[in-house]
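Visitor: Before I ask anything, here is the structure I am working with.
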Protein chains: 2
Amino acid sequence: MHPLLGQFKLFVSMDKPLIFITNDDGFQAKGLEALIEIARPLGRVVVVAPEVAQSGMSHAITISSPLYLRKIKQEPDLEIYTCSGTPVDCVKMAFDSIMQERPALALSGINHGSNSAVSVIYSGTMGAASECSFYNIPSIGFSLLNPREDADFTAAQHYASIIIGRVLNTDDISIPMCLNVNIPDLPKEEIQGIRLCRQNKGYWREEFEKRFDPRGREYYWPTGIFLNQEEHATDTDEYALNNGYVSIVPMQVDMTDYNQLDQMYAWKF
Amino acid sequence: MHPLLGQFKLFVSMDKPLIFITNDDGFQAKGLEALIEIARPLGRVVVVAPEVAQSGMSHAITISSPLYLRKIKQEPDLEIYTCSGTPVDCVKMAFDSIMQERPALALSGINHGSNSAVSVIYSGTMGAASECSFYNIPSIGFSLLNPREDADFTAAQHYASIIIGRVLNTDDISIPMCLNVNIPDLPKEEIQGIRLCRQNKGYWREEFEKRFDPRGREYYWPTGIFLNQEEHATDTDEYALNNGYVSIVPMQVDMTDYNQLDQMYAWKF
């Protein structure tokens, strides 16, 4: 084992497991507060969240500037830090610099807005969650299908609690595990349940609205439209969400296109 | 077909195909110049590159601020624009706002530095290349294993030309296609050839060097170490590069972990 992989003390089963939390909407987001609220009764919580909102930051890392870290809260079983970098920077600082013990679970969110289908690759929430899974910790990213700052996270908290409990209480989890959980923006009693899904195929197209700034320079606001490439599939996250279910898509980061690879062997370079 | 997918005139075979180019090191990078130089004899070239360096920006998009676009060069068969956003923003503006015709090929790079193995998910070069492939255009990202600003791109240009020629002259390409090409930092005559590969498994760990700024605040410089999880595999990009070969990994963006999905069906939510 590489020495850096062995840097954590092995997690020993305790009354209070260590739980790591981050997000991409920044440390002041209501969704982060909602996640801390449900995680706190389950263990000791360490939060490292971005200083400012970092939506759409994907798996970005800071390379050319240094990172600042600030501890903003220290209570029994709760520490909150802010980091000047991206969501993935928060994870790297947390795991490689702040936490001296290996957490039992890593959580990201609850995001204000959907991260289903191909949105997973643009998502700072899921960039952070997948980075956590690189440390061989079960990790879960949660997103509520409501982008508003004042969204109601009650139903999301209910389902997040069920899924977190399930992961914490399952002994034979196959590692690495990273779950992309999306929750419909519905009252709890209207949600139909939880579905395991695959990522729906499709892409975003932008329409750029041109405006002029006070100095007369043109600028553009992007407004995306999702093109669903498999509207009739019933085993995807889009289908589940459109039918009132919470969707869970396990994700991984081997991007190899194995079908293309097979076909290209004929090219004989 | 969705109306937005049909926005381009169909590409009609012409003497001079349209080629789109972007990168993540910014419009002034030597690697971009090297790529333009080899693409120009092959067709009409449109470049949209970031105004400033955007290394490590992954698949990030700009959400909360508008984008500025600037045309900086117009010559016969060459247009160069800069965009204030990320590499993926450059692609979206180019395809959804600038180009009125569907290009035959999209290129990204040549990146100053490696994008092999898991680096593909942090890479702005490959974020942009994969976004191009969402428009059903064969796309290729090139990276030279030398991060210096003044790196020598001679060998990279030679192999990039071979691969571009191969893609342009292959009739039955399976779409979407996105190729992640890495080139060893060796003189041309020492490169052993080209290998088709899969993405090597492994992760980056950071060691944060703590310093103090002139105002006495702590800050951190991250310095990464790659943990190769399959040092003995011979079909990966890491192996090819370590043995003096140019590596080609076809990539795609379905992040679903199908093995994990199979195992989780037993959970019965």
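In the structure tokens, the first chain shown is A, the next is B, and so on; residue numbers restart at 1 for each chain, and ligands run from 1 in the order shown.
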Within 8 Å of Met93 (chain A), counting only C-alpha atoms, which residues qualify if same-chain residues fewer than 5 places away don't, as an MDAnalysis selection string?
Guide: (chainID A and resid 98) or (chainID B and resid 206 208)
Visitor: Going by DSSP on the backbone, which bits of region 31-229 of chain A are strand (DSSP E or B)? Write them as a PyMOL selection string, please.
Guide: chain A and resi 44-50+67+69-75+78-83+101+105-112+139-144+178-183+193-196+198+202-212+218-228
Visitor: What does the distance between CA of Val46 (chain B) and CA of Asp25 (chain B) come to in Å, to one decimal place?
Guide: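 Here the two named atoms are 16.9 Å from each other.
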Visitor: Based on the backbone DSSP call, show me all residues of region 51-176 of chain A assigned helix (DSSP H, G or I), as a PyMOL selection string.
Guide: chain A and resi 87-98+117-121+124-133+154-168
Visitor: Kindly save the residues from that selection, with N, CA and C atoms included, as a short mmCIF file (atom, residue, chain, number, x, y, z; two decimals), in the first residue's frame.
Guide:
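Resulting contents of again.cif:
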```cif
data_model
loop_
_atom_site.label_atom_id
_atom_site.label_comp_id
_atom_site.auth_asym_id
_atom_site.auth_seq_id
_atom_site.Cartn_x
_atom_site.Cartn_y
_atom_site.Cartn_z
N PRO A 87 -15.13 22.88 -5.01
CA PRO A 87 -15.59 21.76 -4.19
C PRO A 87 -14.55 20.63 -4.09
N VAL A 88 -13.89 20.30 -5.20
CA VAL A 88 -12.87 19.24 -5.15
C VAL A 88 -11.67 19.67 -4.30
N ASP A 89 -11.30 20.96 -4.37
CA ASP A 89 -10.25 21.47 -3.46
C ASP A 89 -10.65 21.26 -2.00
N CYS A 90 -11.92 21.51 -1.68
CA CYS A 90 -12.41 21.31 -0.31
C CYS A 90 -12.17 19.87 0.14
N VAL A 91 -12.48 18.93 -0.75
CA VAL A 91 -12.30 17.51 -0.43
C VAL A 91 -10.83 17.19 -0.22
N LYS A 92 -9.99 17.67 -1.12
CA LYS A 92 -8.56 17.36 -1.02
C LYS A 92 -7.98 17.94 0.28
N MET A 93 -8.36 19.18 0.60
CA MET A 93 -7.85 19.78 1.84
C MET A 93 -8.36 18.99 3.05
N ALA A 94 -9.63 18.60 3.00
CA ALA A 94 -10.21 17.87 4.14
C ALA A 94 -9.49 16.55 4.36
N PHE A 95 -9.33 15.77 3.30
CA PHE A 95 -8.78 14.42 3.43
C PHE A 95 -7.26 14.42 3.57
N ASP A 96 -6.58 15.35 2.89
CA ASP A 96 -5.12 15.31 2.89
C ASP A 96 -4.51 16.26 3.91
N SER A 97 -5.35 17.11 4.54
CA SER A 97 -4.74 18.10 5.43
C SER A 97 -5.46 18.28 6.77
N ILE A 98 -6.79 18.19 6.78
CA ILE A 98 -7.53 18.50 8.01
C ILE A 98 -7.84 17.26 8.85
N ALA A 117 -28.84 12.76 -15.12
CA ALA A 117 -28.36 12.57 -16.50
C ALA A 117 -26.95 13.13 -16.65
N VAL A 118 -26.66 13.78 -17.79
CA VAL A 118 -25.30 14.23 -18.07
C VAL A 118 -24.90 15.41 -17.18
N SER A 119 -25.85 16.01 -16.46
CA SER A 119 -25.51 17.11 -15.55
C SER A 119 -24.48 16.67 -14.52
N VAL A 120 -24.38 15.36 -14.29
CA VAL A 120 -23.41 14.85 -13.32
C VAL A 120 -21.99 15.31 -13.66
N ILE A 121 -21.69 15.46 -14.95
CA ILE A 121 -20.30 15.84 -15.27
C ILE A 121 -20.05 17.35 -15.15
N GLY A 124 -20.56 20.47 -9.50
CA GLY A 124 -19.58 20.57 -8.42
C GLY A 124 -19.92 19.64 -7.26
N THR A 125 -21.21 19.49 -7.00
CA THR A 125 -21.67 18.57 -5.94
C THR A 125 -21.14 17.16 -6.21
N MET A 126 -21.31 16.69 -7.45
CA MET A 126 -20.90 15.33 -7.76
C MET A 126 -19.39 15.22 -8.03
N GLY A 127 -18.77 16.32 -8.49
CA GLY A 127 -17.31 16.34 -8.57
C GLY A 127 -16.72 16.07 -7.19
N ALA A 128 -17.25 16.77 -6.18
CA ALA A 128 -16.76 16.59 -4.81
C ALA A 128 -17.06 15.19 -4.29
N ALA A 129 -18.29 14.69 -4.55
CA ALA A 129 -18.66 13.36 -4.06
C ALA A 129 -17.75 12.30 -4.67
N SER A 130 -17.48 12.40 -5.97
CA SER A 130 -16.66 11.35 -6.59
C SER A 130 -15.22 11.46 -6.09
N GLU A 131 -14.73 12.69 -5.87
CA GLU A 131 -13.38 12.84 -5.30
C GLU A 131 -13.30 12.14 -3.93
N CYS A 132 -14.34 12.27 -3.11
CA CYS A 132 -14.36 11.58 -1.80
C CYS A 132 -14.22 10.08 -1.99
N SER A 133 -14.88 9.54 -3.03
CA SER A 133 -14.85 8.09 -3.23
C SER A 133 -13.44 7.61 -3.60
N THR A 154 -37.42 19.58 3.21
CA THR A 154 -38.01 18.61 4.13
C THR A 154 -38.05 17.20 3.55
N ALA A 155 -38.59 17.06 2.35
CA ALA A 155 -38.68 15.73 1.74
C ALA A 155 -37.28 15.20 1.41
N ALA A 156 -36.41 16.09 0.95
CA ALA A 156 -35.04 15.68 0.62
C ALA A 156 -34.34 15.14 1.87
N GLN A 157 -34.55 15.80 3.00
CA GLN A 157 -33.94 15.33 4.26
C GLN A 157 -34.45 13.95 4.64
N HIS A 158 -35.75 13.74 4.46
CA HIS A 158 -36.35 12.43 4.78
C HIS A 158 -35.68 11.31 3.98
N TYR A 159 -35.60 11.50 2.66
CA TYR A 159 -35.03 10.45 1.82
C TYR A 159 -33.52 10.33 1.98
N ALA A 160 -32.85 11.47 2.18
CA ALA A 160 -31.41 11.42 2.42
C ALA A 160 -31.12 10.61 3.68
N SER A 161 -31.93 10.79 4.72
CA SER A 161 -31.74 10.03 5.97
C SER A 161 -31.87 8.54 5.73
N ILE A 162 -32.87 8.14 4.94
CA ILE A 162 -33.08 6.71 4.65
C ILE A 162 -31.84 6.14 3.93
N ILE A 163 -31.36 6.87 2.93
CA ILE A 163 -30.23 6.36 2.12
C ILE A 163 -28.94 6.35 2.93
N ILE A 164 -28.70 7.40 3.70
CA ILE A 164 -27.51 7.44 4.56
C ILE A 164 -27.54 6.28 5.56
N GLY A 165 -28.71 6.06 6.18
CA GLY A 165 -28.84 4.96 7.14
C GLY A 165 -28.53 3.62 6.49
N ARG A 166 -29.02 3.46 5.28
CA ARG A 166 -28.80 2.21 4.56
C ARG A 166 -27.31 1.97 4.29
N VAL A 167 -26.62 3.03 3.87
CA VAL A 167 -25.19 2.90 3.57
C VAL A 167 -24.40 2.65 4.86
N LEU A 168 -24.72 3.40 5.92
CA LEU A 168 -23.99 3.23 7.18
C LEU A 168 -24.21 1.84 7.78
#
```
Visitor: Give as a PDB file with N, CA and C atoms, in the first residue's frame every residue of chain B that touches chain A within 6 Å, counting only C-alpha atoms.
Guide:
```
ATOM      1  N   GLY B  56      -6.986  22.614 -15.251  1.00  0.00           N
ATOM      2  CA  GLY B  56      -7.649  21.980 -14.113  1.00  0.00           C
ATOM      3  C   GLY B  56      -9.117  22.341 -14.004  1.00  0.00           C
ATOM      4  N   MET B  57      -9.692  22.955 -15.059  1.00  0.00           N
ATOM      5  CA  MET B  57     -11.085  23.404 -14.973  1.00  0.00           C
ATOM      6  C   MET B  57     -12.083  22.310 -15.330  1.00  0.00           C
ATOM      7  N   SER B  58     -11.610  21.127 -15.696  1.00  0.00           N
ATOM      8  CA  SER B  58     -12.498  19.990 -15.880  1.00  0.00           C
ATOM      9  C   SER B  58     -13.631  20.347 -16.848  1.00  0.00           C
ATOM     10  N   HIS B  59     -14.846  19.933 -16.515  1.00  0.00           N
ATOM     11  CA  HIS B  59     -16.002  20.189 -17.373  1.00  0.00           C
ATOM     12  C   HIS B  59     -16.802  21.401 -16.852  1.00  0.00           C
ATOM     13  N   ALA B  60     -16.108  22.308 -16.143  1.00  0.00           N
ATOM     14  CA  ALA B  60     -16.801  23.438 -15.507  1.00  0.00           C
ATOM     15  C   ALA B  60     -17.456  24.357 -16.533  1.00  0.00           C
ATOM     16  N   ILE B  61     -18.604  24.902 -16.144  1.00  0.00           N
ATOM     17  CA  ILE B  61     -19.296  25.907 -16.947  1.00  0.00           C
ATOM     18  C   ILE B  61     -19.582  27.133 -16.082  1.00  0.00           C
ATOM     19  N   PRO B  66     -22.096  36.549 -16.823  1.00  0.00           N
ATOM     20  CA  PRO B  66     -22.217  36.464 -18.281  1.00  0.00           C
ATOM     21  C   PRO B  66     -20.850  36.257 -18.931  1.00  0.00           C
ATOM     22  N   LEU B  67     -20.871  35.935 -20.210  1.00  0.00           N
ATOM     23  CA  LEU B  67     -19.642  35.648 -20.942  1.00  0.00           C
ATOM     24  C   LEU B  67     -19.338  36.755 -21.952  1.00  0.00           C
ATOM     25  N   TYR B  68     -18.057  37.085 -22.056  1.00  0.00           N
ATOM     26  CA  TYR B  68     -17.617  38.037 -23.074  1.00  0.00           C
ATOM     27  C   TYR B  68     -16.847  37.287 -24.162  1.00  0.00           C
ATOM     28  N   TYR B 122     -10.016  15.895 -14.439  1.00  0.00           N
ATOM     29  CA  TYR B 122      -9.663  17.236 -13.958  1.00  0.00           C
ATOM     30  C   TYR B 122      -9.349  18.183 -15.117  1.00  0.00           C
ATOM     31  N   ARG B 198      -6.719   1.708 -22.595  1.00  0.00           N
ATOM     32  CA  ARG B 198      -7.786   2.098 -21.685  1.00  0.00           C
ATOM     33  C   ARG B 198      -7.181   3.013 -20.611  1.00  0.00           C
ATOM     34  N   GLN B 199      -8.062   3.720 -19.903  1.00  0.00           N
ATOM     35  CA  GLN B 199      -7.653   4.650 -18.840  1.00  0.00           C
ATOM     36  C   GLN B 199      -7.096   3.882 -17.647  1.00  0.00           C
ATOM     37  N   TYR B 219      -1.709  30.115   4.084  1.00  0.00           N
ATOM     38  CA  TYR B 219      -2.285  29.637   2.829  1.00  0.00           C
ATOM     39  C   TYR B 219      -1.585  28.352   2.435  1.00  0.00           C
ATOM     40  N   TYR B 220      -2.147  27.656   1.453  1.00  0.00           N
ATOM     41  CA  TYR B 220      -1.675  26.310   1.121  1.00  0.00           C
ATOM     42  C   TYR B 220      -1.434  26.163  -0.374  1.00  0.00           C
ATOM     43  N   TRP B 221      -0.299  25.584  -0.732  1.00  0.00           N
ATOM     44  CA  TRP B 221      -0.036  25.194  -2.116  1.00  0.00           C
ATOM     45  C   TRP B 221      -0.209  23.682  -2.232  1.00  0.00           C
ATOM     46  N   PRO B 250     -10.071   6.256 -26.151  1.00  0.00           N
ATOM     47  CA  PRO B 250     -11.393   6.800 -26.485  1.00  0.00           C
ATOM     48  C   PRO B 250     -12.178   6.987 -25.190  1.00  0.00           C
ATOM     49  N   MET B 251     -12.841   8.142 -25.042  1.00  0.00           N
ATOM     50  CA  MET B 251     -13.592   8.376 -23.805  1.00  0.00           C
ATOM     51  C   MET B 251     -15.067   8.658 -24.073  1.00  0.00           C
ATOM     52  N   GLN B 252     -15.887   8.434 -23.054  1.00  0.00           N
ATOM     53  CA  GLN B 252     -17.326   8.687 -23.126  1.00  0.00           C
ATOM     54  C   GLN B 252     -17.785   9.166 -21.748  1.00  0.00           C
ATOM     55  N   MET B 255     -21.287   7.858 -16.727  1.00  0.00           N
ATOM     56  CA  MET B 255     -20.521   7.607 -15.503  1.00  0.00           C
ATOM     57  C   MET B 255     -21.147   6.493 -14.662  1.00  0.00           C
ATOM     58  N   THR B 256     -22.252   5.910 -15.118  1.00  0.00           N
ATOM     59  CA  THR B 256     -22.920   4.881 -14.321  1.00  0.00           C
ATOM     60  C   THR B 256     -21.945   3.761 -13.945  1.00  0.00           C
ATOM     61  N   ASP B 257     -21.938   3.388 -12.673  1.00  0.00           N
ATOM     62  CA  ASP B 257     -21.144   2.248 -12.211  1.00  0.00           C
ATOM     63  C   ASP B 257     -22.054   1.018 -12.285  1.00  0.00           C
TER      64      ASP B 257
END
```
Visitor: Between CA of Gly113 (chain B) and CA of Asp185 (chain B), what distance in Å does the model show, to one decimal?
Guide: 9.3 Å
Visitor: Quote the spacing between CA of Glu51 (chain A) and CA of Tyr81 (chain A) in Å to one decimal place.
Guide: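 That distance, rounded to one decimal, is 8.9 Å.
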Visitor: Which residues are close to Asn23 (chain B), i.e. within 6 Å by only C-alpha atoms, leaving aside same-chain residues fewer than 3 positions away? Reply as a PyMOL selection string.
Guide: chain B and resi 49+108-109+125
Visitor: When you look at Thr234 (chain A) with a cut-off of 10 Å (counting only C-alpha atoms), what residues show up, excluding the ones that are within fewer than 3 positions of it in the same chain? I need them as a PyMOL selection string.
Guide: chain A and resi 197-198+200+230-231+237-240+243
Visitor: Can you write out the residues you just picked, keeping N, CA, C and O atoms, as a PDB file, in the first residue's frame?
Guide:
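And here is the file that came out, selection06.pdb:
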```
ATOM      1  N   CYS A 197     -31.075   3.465 -10.695  1.00  0.00           N
ATOM      2  CA  CYS A 197     -31.167   3.818 -12.117  1.00  0.00           C
ATOM      3  C   CYS A 197     -29.778   3.874 -12.734  1.00  0.00           C
ATOM      4  O   CYS A 197     -28.768   3.898 -12.052  1.00  0.00           O
ATOM      5  N   ARG A 198     -29.787   3.943 -14.072  1.00  0.00           N
ATOM      6  CA  ARG A 198     -28.577   4.320 -14.790  1.00  0.00           C
ATOM      7  C   ARG A 198     -28.740   5.765 -15.276  1.00  0.00           C
ATOM      8  O   ARG A 198     -29.856   6.291 -15.318  1.00  0.00           O
ATOM      9  N   ASN A 200     -29.242   8.736 -17.571  1.00  0.00           N
ATOM     10  CA  ASN A 200     -29.960   8.957 -18.833  1.00  0.00           C
ATOM     11  C   ASN A 200     -29.037   9.596 -19.872  1.00  0.00           C
ATOM     12  O   ASN A 200     -28.298  10.517 -19.564  1.00  0.00           O
ATOM     13  N   GLU A 230     -33.107   9.519 -24.872  1.00  0.00           N
ATOM     14  CA  GLU A 230     -33.813   8.249 -24.702  1.00  0.00           C
ATOM     15  C   GLU A 230     -35.059   8.480 -23.859  1.00  0.00           C
ATOM     16  O   GLU A 230     -35.153   8.011 -22.733  1.00  0.00           O
ATOM     17  N   GLU A 231     -36.002   9.168 -24.470  1.00  0.00           N
ATOM     18  CA  GLU A 231     -37.221   9.552 -23.767  1.00  0.00           C
ATOM     19  C   GLU A 231     -38.078   8.356 -23.380  1.00  0.00           C
ATOM     20  O   GLU A 231     -38.929   8.458 -22.503  1.00  0.00           O
ATOM     21  N   ASP A 237     -32.424   7.717 -14.613  1.00  0.00           N
ATOM     22  CA  ASP A 237     -32.741   8.685 -13.556  1.00  0.00           C
ATOM     23  C   ASP A 237     -33.797   9.696 -14.026  1.00  0.00           C
ATOM     24  O   ASP A 237     -34.690  10.069 -13.248  1.00  0.00           O
ATOM     25  N   GLU A 238     -33.719  10.119 -15.280  1.00  0.00           N
ATOM     26  CA  GLU A 238     -34.725  11.073 -15.784  1.00  0.00           C
ATOM     27  C   GLU A 238     -36.135  10.488 -15.666  1.00  0.00           C
ATOM     28  O   GLU A 238     -37.070  11.169 -15.255  1.00  0.00           O
ATOM     29  N   TYR A 239     -36.263   9.222 -16.052  1.00  0.00           N
ATOM     30  CA  TYR A 239     -37.577   8.577 -15.983  1.00  0.00           C
ATOM     31  C   TYR A 239     -38.078   8.522 -14.540  1.00  0.00           C
ATOM     32  O   TYR A 239     -39.229   8.866 -14.244  1.00  0.00           O
ATOM     33  N   ALA A 240     -37.204   8.087 -13.650  1.00  0.00           N
ATOM     34  CA  ALA A 240     -37.594   7.976 -12.235  1.00  0.00           C
ATOM     35  C   ALA A 240     -38.063   9.332 -11.703  1.00  0.00           C
ATOM     36  O   ALA A 240     -39.138   9.446 -11.094  1.00  0.00           O
ATOM     37  N   ASN A 243     -41.331  10.614 -12.858  1.00  0.00           N
ATOM     38  CA  ASN A 243     -42.455   9.860 -12.331  1.00  0.00           C
ATOM     39  C   ASN A 243     -42.538   9.922 -10.804  1.00  0.00           C
ATOM     40  O   ASN A 243     -43.193   9.081 -10.180  1.00  0.00           O
TER      41      ASN A 243
END
```
Visitor: Considering only C-alpha atoms, can you say which of B:Pro41, B:Val246, B:Asn136, B:His112 comes closest to Arg148 (chain B)?
Guide: B:His112
